[in-house]
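**Q** My structure is stored as input-v7.cif, with mmCIF, C-alpha atoms and all ligand atoms.
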```cif
data_target
#
loop_
_atom_site.label_atom_id
_atom_site.label_comp_id
_atom_site.auth_asym_id
_atom_site.auth_seq_id
_atom_site.Cartn_x
_atom_site.Cartn_y
_atom_site.Cartn_z
CA MET A 15 -27.15 2.22 -2.78
CA GLN A 16 -26.21 -0.95 -4.57
CA PRO A 17 -24.28 -4.03 -3.49
CA VAL A 18 -20.71 -4.12 -4.79
CA THR A 19 -18.76 -7.36 -4.65
CA MET A 20 -15.00 -7.81 -4.95
CA THR A 21 -12.47 -10.44 -4.03
CA VAL A 22 -10.59 -8.73 -1.21
CA ASN A 23 -7.46 -10.39 0.13
CA GLY A 24 -8.62 -13.68 -1.32
CA GLU A 25 -12.18 -13.58 0.04
CA THR A 26 -15.41 -12.63 -1.70
CA ARG A 27 -16.71 -9.52 0.05
CA THR A 28 -19.89 -7.53 -0.56
CA ALA A 29 -20.87 -4.13 0.82
CA GLU A 30 -23.30 -1.45 -0.22
CA ALA A 31 -22.05 1.56 -2.16
CA GLU A 32 -23.54 4.69 -3.62
CA GLY A 33 -22.35 5.71 -7.04
CA ARG A 34 -20.13 8.31 -5.38
CA THR A 35 -18.64 5.97 -2.73
CA LEU A 36 -14.87 5.97 -3.00
CA LEU A 37 -13.02 2.68 -3.05
CA VAL A 38 -11.10 3.65 0.08
CA ASP A 39 -14.33 4.37 1.97
CA TRP A 40 -15.85 1.12 0.76
CA LEU A 41 -12.84 -0.76 2.14
CA ARG A 42 -12.59 1.17 5.41
CA ASP A 43 -16.25 1.80 6.25
CA GLY A 44 -17.89 -1.03 4.34
CA LEU A 45 -15.47 -3.82 5.18
CA GLY A 46 -13.67 -2.44 8.24
CA LEU A 47 -10.28 -2.70 6.55
CA THR A 48 -8.79 0.43 8.08
CA GLY A 49 -5.18 -0.40 7.23
CA THR A 50 -5.63 1.61 4.04
CA HIS A 51 -5.22 5.24 5.09
CA VAL A 52 -6.53 8.57 3.83
CA GLY A 53 -3.93 11.29 4.03
CA CYS A 54 -5.14 13.83 1.51
CA ASP A 55 -8.18 12.59 -0.43
CA THR A 56 -6.81 14.36 -3.50
CA SER A 57 -4.51 11.75 -5.05
CA GLN A 58 -1.31 13.32 -3.75
CA CYS A 59 -0.01 11.33 -0.78
CA GLY A 60 -0.37 7.66 -1.69
CA ALA A 61 -1.47 6.57 1.80
CA CYS A 62 -4.54 4.94 0.23
CA ILE A 63 -2.77 2.73 -2.32
CA VAL A 64 -4.18 -0.77 -2.78
CA HIS A 65 -3.67 -3.26 -5.57
CA VAL A 66 -6.51 -3.70 -8.05
CA ASP A 67 -6.04 -6.77 -10.21
CA GLY A 68 -2.37 -6.60 -9.27
CA ALA A 69 -1.74 -2.95 -10.08
CA PRO A 70 -1.34 -0.12 -7.54
CA VAL A 71 -4.31 2.29 -7.42
CA LYS A 72 -4.96 5.35 -5.26
CA ALA A 73 -8.22 4.27 -3.67
CA CYS A 74 -9.20 7.84 -2.70
CA THR A 75 -9.78 8.80 -6.28
CA ALA A 76 -11.63 5.76 -7.57
CA PHE A 77 -15.29 4.87 -7.20
CA ALA A 78 -15.98 1.50 -5.59
CA ALA A 79 -18.72 0.64 -8.07
CA GLU A 80 -16.21 0.80 -10.93
CA PHE A 81 -14.38 -2.14 -9.41
CA ASP A 82 -17.29 -4.51 -8.98
CA GLY A 83 -15.85 -7.99 -9.67
CA SER A 84 -12.21 -6.91 -9.24
CA GLU A 85 -9.52 -8.49 -7.14
CA ILE A 86 -8.20 -6.22 -4.43
CA THR A 87 -5.22 -6.61 -2.14
CA THR A 88 -4.87 -4.30 0.85
CA ILE A 89 -2.12 -4.09 3.43
CA GLU A 90 -4.11 -6.56 5.57
CA GLY A 91 -3.72 -9.18 2.85
CA LEU A 92 0.05 -9.04 2.46
CA ALA A 93 1.26 -11.25 5.30
CA ASN A 94 2.12 -14.86 4.52
CA PRO A 95 -0.46 -17.58 5.23
CA ASP A 96 1.50 -18.62 8.34
CA GLY A 97 1.15 -15.12 9.75
CA THR A 98 4.73 -14.02 9.15
CA LEU A 99 5.27 -10.63 7.57
CA HIS A 100 5.65 -10.14 3.84
CA ALA A 101 9.32 -9.54 2.94
CA VAL A 102 8.66 -5.83 2.32
CA GLN A 103 6.85 -5.42 5.65
CA ASP A 104 9.69 -7.21 7.39
CA ALA A 105 12.30 -5.00 5.73
CA PHE A 106 10.40 -1.85 6.80
CA ARG A 107 10.51 -3.19 10.35
CA GLN A 108 14.19 -4.12 10.23
CA TYR A 109 15.39 -0.94 8.52
CA HIS A 110 13.17 1.49 10.41
CA GLY A 111 11.24 2.42 7.29
CA LEU A 112 8.51 4.03 9.37
CA GLN A 113 8.13 6.63 12.07
CA CYS A 114 4.48 7.50 12.79
CA GLY A 115 3.45 4.81 10.28
CA PHE A 116 0.71 6.80 8.60
CA CYS A 117 2.23 6.56 5.12
CA THR A 118 3.44 3.00 5.61
CA PRO A 119 0.56 0.98 4.12
CA GLY A 120 0.75 2.96 0.89
CA MET A 121 4.55 2.87 0.82
CA VAL A 122 4.55 -0.89 1.31
CA MET A 123 1.90 -1.48 -1.36
CA SER A 124 3.85 0.69 -3.85
CA ALA A 125 7.07 -1.13 -3.00
CA VAL A 126 5.46 -4.56 -3.44
CA ALA A 127 4.16 -3.49 -6.86
CA LEU A 128 7.62 -2.24 -7.84
CA LEU A 129 9.38 -5.45 -6.82
CA LYS A 130 6.88 -7.53 -8.74
CA GLU A 131 7.81 -5.66 -11.93
CA THR A 132 11.48 -5.00 -11.09
CA PRO A 133 12.82 -7.56 -8.63
CA LYS A 134 16.26 -5.86 -8.26
CA PRO A 135 15.63 -2.13 -8.63
CA THR A 136 18.34 0.51 -8.42
CA GLU A 137 18.03 3.17 -5.75
CA ALA A 138 16.90 5.60 -8.45
CA GLN A 139 14.16 3.18 -9.55
CA VAL A 140 12.95 2.84 -5.95
CA ARG A 141 12.80 6.61 -5.51
CA HIS A 142 10.98 6.95 -8.83
CA ALA A 143 8.45 4.24 -7.90
CA LEU A 144 7.71 5.95 -4.58
CA GLU A 145 7.36 9.46 -5.96
CA GLY A 146 3.57 9.25 -5.55
CA ASN A 147 3.93 8.48 -1.85
CA ILE A 148 4.49 11.25 0.67
CA CYS A 149 5.93 10.66 4.13
CA ARG A 150 5.09 13.59 6.39
CA CYS A 151 7.74 12.34 8.84
CA THR A 152 10.23 12.64 5.94
CA GLY A 153 11.69 9.20 6.62
CA TYR A 154 12.56 8.58 2.99
CA HIS A 155 16.14 7.46 3.49
CA ASN A 156 15.24 4.37 5.49
CA ILE A 157 12.18 3.65 3.36
CA VAL A 158 14.38 3.41 0.27
CA LYS A 159 16.86 1.31 2.20
CA ALA A 160 14.08 -1.04 3.30
CA VAL A 161 12.84 -1.54 -0.25
CA LEU A 162 16.35 -2.31 -1.49
CA ALA A 163 16.83 -4.75 1.38
CA ALA A 164 13.51 -6.44 0.59
CA SER A 165 14.79 -7.03 -2.94
CA GLY A 166 17.70 -8.98 -1.47
CA GLN A 167 20.31 -6.31 -2.16
CA ALA A 168 22.97 -5.38 0.37
CA VAL A 169 22.34 -2.12 2.21
CA THR A 170 24.20 -0.44 5.03
CA PRO A 171 22.76 -1.67 8.32
CA VAL A 172 20.85 0.89 10.36
CA ALA A 173 23.03 2.25 13.17
CA ALA A 174 21.85 1.52 16.71
CA ALA A 175 20.14 4.50 18.33
S1 LIG B 1 -5.40 9.68 0.43
FE1 LIG B 1 -5.26 8.94 -1.58
S2 LIG B 1 -3.50 9.86 -2.38
FE2 LIG B 1 -3.71 10.72 -0.40
S1 LIG B 2 6.23 7.51 8.83
FE1 LIG B 2 5.00 9.19 9.38
S2 LIG B 2 4.14 9.78 7.51
FE2 LIG B 2 5.64 8.39 6.92
#
```
Starting from the file, lay out its structure as structure tokens.
Ligand code: FES
Ligand code: FES
**A**
Amino acid sequence: MQPVTMTVNGETRTAEAEGRTLLVDWLRDGLGLTGTHVGCDTSQCGACIVHVDGAPVKACTAFAAEFDGSEITTIEGLANPDGTLHAVQDAFRQYHGLQCGFCTPGMVMSAVALLKETPKPTEAQVRHALEGNICRCTGYHNIVKAVLAASGQAVTPVAAA
């Protein structure tokens, strides 16, 4: 075991890691940040996506020790300083971009990364950016709608149930 230190959601955090400790386990078990989910552990579902130095990374297939000194943002770090939701989180809420919510942290982190690079994406660009994220509830339609809405583009309102 060795101490690994990263800046996580703006704070310097240290936790022990073995050479084989995955970044997602370091975050969840080492720091108690359980908002980052593990859906497959084989780099397929995207539930574990966090930002490393600003870029989205599947934390289930990366060793924590490799990221010593890095800057990490997890879903817990997205809300605004006043506690209000990040625009993408708020759009997921408004446009029903989640059902069970298991995929949501990864979806949101992928969407935030997309909008940073492409502030007004087309629907095709949103679908392309989310192709590494799987929703087992198959709620893709509203997820795409939420991301477009978060970018400030007009989308059809969700019909009342
Ligand atoms: S848990 Fe990492 S991609 Fe599925
Ligand atoms: S909302 Fe259930 S997995 Fe996506």
**Q** List the neighbours of Val169 of chain A out to 9 Å using all atoms listed in the file; skip same-chain residues closer than 6 positions along the sequence, and give me the result as a list of chain:residue names.
**A** A:Lys159, A:Ala160, A:Leu162, A:Ala163
**Q** Around ligand LIG 2 (chain B), out to 8 Å and counting all atoms listed in the file, which residues are there? I want them as an mmCIF file with C-alpha atoms, keeping the file's coordinate frame.
**A**
```cif
data_model
loop_
_atom_site.group_PDB
_atom_site.id
_atom_site.type_symbol
_atom_site.label_atom_id
_atom_site.label_comp_id
_atom_site.auth_asym_id
_atom_site.auth_seq_id
_atom_site.Cartn_x
_atom_site.Cartn_y
_atom_site.Cartn_z
ATOM 1 C CA GLY A 111 11.240 2.420 7.290
ATOM 2 C CA LEU A 112 8.510 4.030 9.370
ATOM 3 C CA GLN A 113 8.130 6.630 12.070
ATOM 4 C CA CYS A 114 4.480 7.500 12.790
ATOM 5 C CA GLY A 115 3.450 4.810 10.280
ATOM 6 C CA PHE A 116 0.710 6.800 8.600
ATOM 7 C CA CYS A 117 2.230 6.560 5.120
ATOM 8 C CA THR A 118 3.440 3.000 5.610
ATOM 9 C CA ILE A 148 4.490 11.250 0.670
ATOM 10 C CA CYS A 149 5.930 10.660 4.130
ATOM 11 C CA ARG A 150 5.090 13.590 6.390
ATOM 12 C CA CYS A 151 7.740 12.340 8.840
ATOM 13 C CA THR A 152 10.230 12.640 5.940
ATOM 14 C CA GLY A 153 11.690 9.200 6.620
ATOM 15 C CA TYR A 154 12.560 8.580 2.990
#
```
**Q** Which one is closest to ligand LIG 1 (chain B): A:Asp43, A:Glu137, A:Glu30, A:Asp55? Count only C-alpha atoms and all ligand atoms.
**A**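 The shortest atom-to-atom distance to ligand LIG 1 (chain B) comes from A:Asp55.
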**Q** Ligand LIG 1 (chain B): which residues are within 12 Å, counting all atoms listed in the file? Reply as an MDAnalysis selection string.
**A** chainID A and resid 36:39 50:64 70:76 116:117 119:121 124 145:150
**Q** Distance atom CA of Gly44 of chain A-atom CA of His100 of chain A, one decimal place?
**A**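 Atom-to-atom, atom CA of Gly44 of chain A and atom CA of His100 of chain A are spaced 25.2 Å apart.
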**Q** Can you build me a table of segment 36-107 of chain A residues sitting at most 9 Å from segment 15-22 of chain A, with the closest atom pair per residue and its distance in Å to one decimal, using only C-alpha atoms, sorted by chain and residue number, as JSON lines?
**A**
```
{"residue": "A:Leu41", "atom": "CA", "partner": "A:Val22", "partner_atom": "CA", "distance": 8.9}
{"residue": "A:Ala78", "atom": "CA", "partner": "A:Val18", "partner_atom": "CA", "distance": 7.4}
{"residue": "A:Ala79", "atom": "CA", "partner": "A:Val18", "partner_atom": "CA", "distance": 6.1}
{"residue": "A:Phe81", "atom": "CA", "partner": "A:Met20", "partner_atom": "CA", "distance": 7.2}
{"residue": "A:Asp82", "atom": "CA", "partner": "A:Thr19", "partner_atom": "CA", "distance": 5.4}
{"residue": "A:Gly83", "atom": "CA", "partner": "A:Met20", "partner_atom": "CA", "distance": 4.8}
{"residue": "A:Ser84", "atom": "CA", "partner": "A:Met20", "partner_atom": "CA", "distance": 5.2}
{"residue": "A:Glu85", "atom": "CA", "partner": "A:Thr21", "partner_atom": "CA", "distance": 4.7}
{"residue": "A:Ile86", "atom": "CA", "partner": "A:Val22", "partner_atom": "CA", "distance": 4.7}
{"residue": "A:Thr87", "atom": "CA", "partner": "A:Val22", "partner_atom": "CA", "distance": 5.8}
{"residue": "A:Thr88", "atom": "CA", "partner": "A:Val22", "partner_atom": "CA", "distance": 7.5}
{"residue": "A:Gly91", "atom": "CA", "partner": "A:Val22", "partner_atom": "CA", "distance": 8.0}
```
**Q** Rank A:Phe106, A:Gly46, A:Ala143, A:Glu80 by their smallest atom-to-atom distance to Ala31 of chain A, using all atoms listed in the file, and report the top residue only.
**A**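 Checking each candidate against Ala31 of chain A, we get A:Glu80 as the closest.
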**Q** What gap, in Å, lies between atom CA of Ala138 of chain A and atom CA of Val66 of chain A?
**A**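 Distance between the two atoms: 25.2 Å.
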**Q** What is the distance between atom CA of His110 of chain A and atom CA of Gly49 of chain A, in Å to one decimal?
**A** 18.7 Å
**Q** Name the closest residue to Phe77 of chain A among the candidates A:Gly24, A:Arg34, A:Leu99, A:His65; distances are taken between atoms, counting only C-alpha atoms.
**A**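 Smallest separation from Phe77 of chain A among the options: A:Arg34.
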**Q** If we count all atoms listed in the file and set the cut-off at 8 Å, which residues sit around Ala125 of chain A, ignoring sequence neighbours fewer than 3 positions away in its own chain? Please answer as a list in words.
**A**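 Listed by chain and then number, they are Val102, Met121, Val122, Leu128, Leu129, Val140, Ala143, Leu144 and Val161 of chain A.
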**Q** Could I get segment 67-78 of chain A rebuilt with all heavy atoms, written as a CSV table (one decimal), in the frame of the given file?
**A**
```csv
chain,number,residue,atom,x,y,z
A,67,ASP,N,-6.5,-5.8,-9.2
A,67,ASP,CA,-6.0,-6.8,-10.2
A,67,ASP,C,-4.5,-6.7,-10.4
A,67,ASP,O,-4.0,-6.7,-11.5
A,67,ASP,CB,-6.8,-6.5,-11.5
A,67,ASP,CG,-8.3,-6.7,-11.4
A,67,ASP,OD1,-8.7,-7.6,-10.6
A,67,ASP,OD2,-9.1,-6.1,-12.1
A,68,GLY,N,-3.8,-6.6,-9.3
A,68,GLY,CA,-2.4,-6.6,-9.3
A,68,GLY,C,-1.7,-5.3,-9.5
A,68,GLY,O,-0.5,-5.2,-9.3
A,69,ALA,N,-2.4,-4.2,-9.8
A,69,ALA,CA,-1.7,-3.0,-10.1
A,69,ALA,C,-2.1,-1.9,-9.0
A,69,ALA,O,-3.2,-1.9,-8.5
A,69,ALA,CB,-2.2,-2.4,-11.4
A,70,PRO,N,-1.1,-1.1,-8.6
A,70,PRO,CA,-1.3,-0.1,-7.5
A,70,PRO,C,-2.3,1.0,-8.0
A,70,PRO,O,-2.2,1.5,-9.1
A,70,PRO,CB,0.0,0.5,-7.2
A,70,PRO,CG,0.8,0.2,-8.5
A,70,PRO,CD,0.3,-1.0,-9.1
A,71,VAL,N,-3.3,1.3,-7.1
A,71,VAL,CA,-4.3,2.3,-7.4
A,71,VAL,C,-4.5,3.2,-6.2
A,71,VAL,O,-4.5,2.6,-5.1
A,71,VAL,CB,-5.6,1.6,-7.8
A,71,VAL,CG1,-6.8,2.6,-7.8
A,71,VAL,CG2,-5.5,0.9,-9.2
A,72,LYS,N,-4.6,4.5,-6.4
A,72,LYS,CA,-5.0,5.4,-5.3
A,72,LYS,C,-6.5,5.3,-5.0
A,72,LYS,O,-7.3,5.8,-5.8
A,72,LYS,CB,-4.5,6.8,-5.6
A,72,LYS,CG,-3.0,6.9,-5.5
A,72,LYS,CD,-2.5,8.3,-5.8
A,72,LYS,CE,-1.0,8.4,-5.5
A,72,LYS,NZ,-0.4,9.6,-6.0
A,73,ALA,N,-6.8,4.6,-3.9
A,73,ALA,CA,-8.2,4.3,-3.7
A,73,ALA,C,-9.1,5.5,-3.3
A,73,ALA,O,-10.3,5.4,-3.1
A,73,ALA,CB,-8.3,3.2,-2.6
A,74,CYS,N,-8.4,6.6,-3.1
A,74,CYS,CA,-9.2,7.8,-2.7
A,74,CYS,C,-9.7,8.5,-3.9
A,74,CYS,O,-10.5,9.5,-3.8
A,74,CYS,CB,-8.3,8.8,-1.9
A,74,CYS,SG,-7.1,9.7,-2.9
A,75,THR,N,-9.3,8.1,-5.1
A,75,THR,CA,-9.8,8.8,-6.3
A,75,THR,C,-10.4,7.8,-7.3
A,75,THR,O,-10.3,8.0,-8.5
A,75,THR,CB,-8.6,9.6,-7.0
A,75,THR,OG1,-7.5,8.8,-6.9
A,75,THR,CG2,-8.4,10.9,-6.3
A,76,ALA,N,-11.0,6.8,-6.7
A,76,ALA,CA,-11.6,5.8,-7.6
A,76,ALA,C,-13.0,5.4,-6.9
A,76,ALA,O,-13.1,5.3,-5.7
A,76,ALA,CB,-10.7,4.5,-7.6
A,77,PHE,N,-14.0,5.3,-7.7
A,77,PHE,CA,-15.3,4.9,-7.2
A,77,PHE,C,-15.4,3.4,-7.0
A,77,PHE,O,-15.0,2.6,-7.9
A,77,PHE,CB,-16.4,5.3,-8.1
A,77,PHE,CG,-16.5,6.8,-8.2
A,77,PHE,CD1,-16.4,7.5,-9.4
A,77,PHE,CD2,-16.8,7.6,-7.1
A,77,PHE,CE1,-16.5,8.9,-9.5
A,77,PHE,CE2,-16.8,9.0,-7.1
A,77,PHE,CZ,-16.7,9.6,-8.4
A,78,ALA,N,-15.9,2.9,-5.9
A,78,ALA,CA,-16.0,1.5,-5.6
A,78,ALA,C,-16.8,0.8,-6.7
A,78,ALA,O,-16.4,-0.3,-7.1
A,78,ALA,CB,-16.6,1.3,-4.2
```
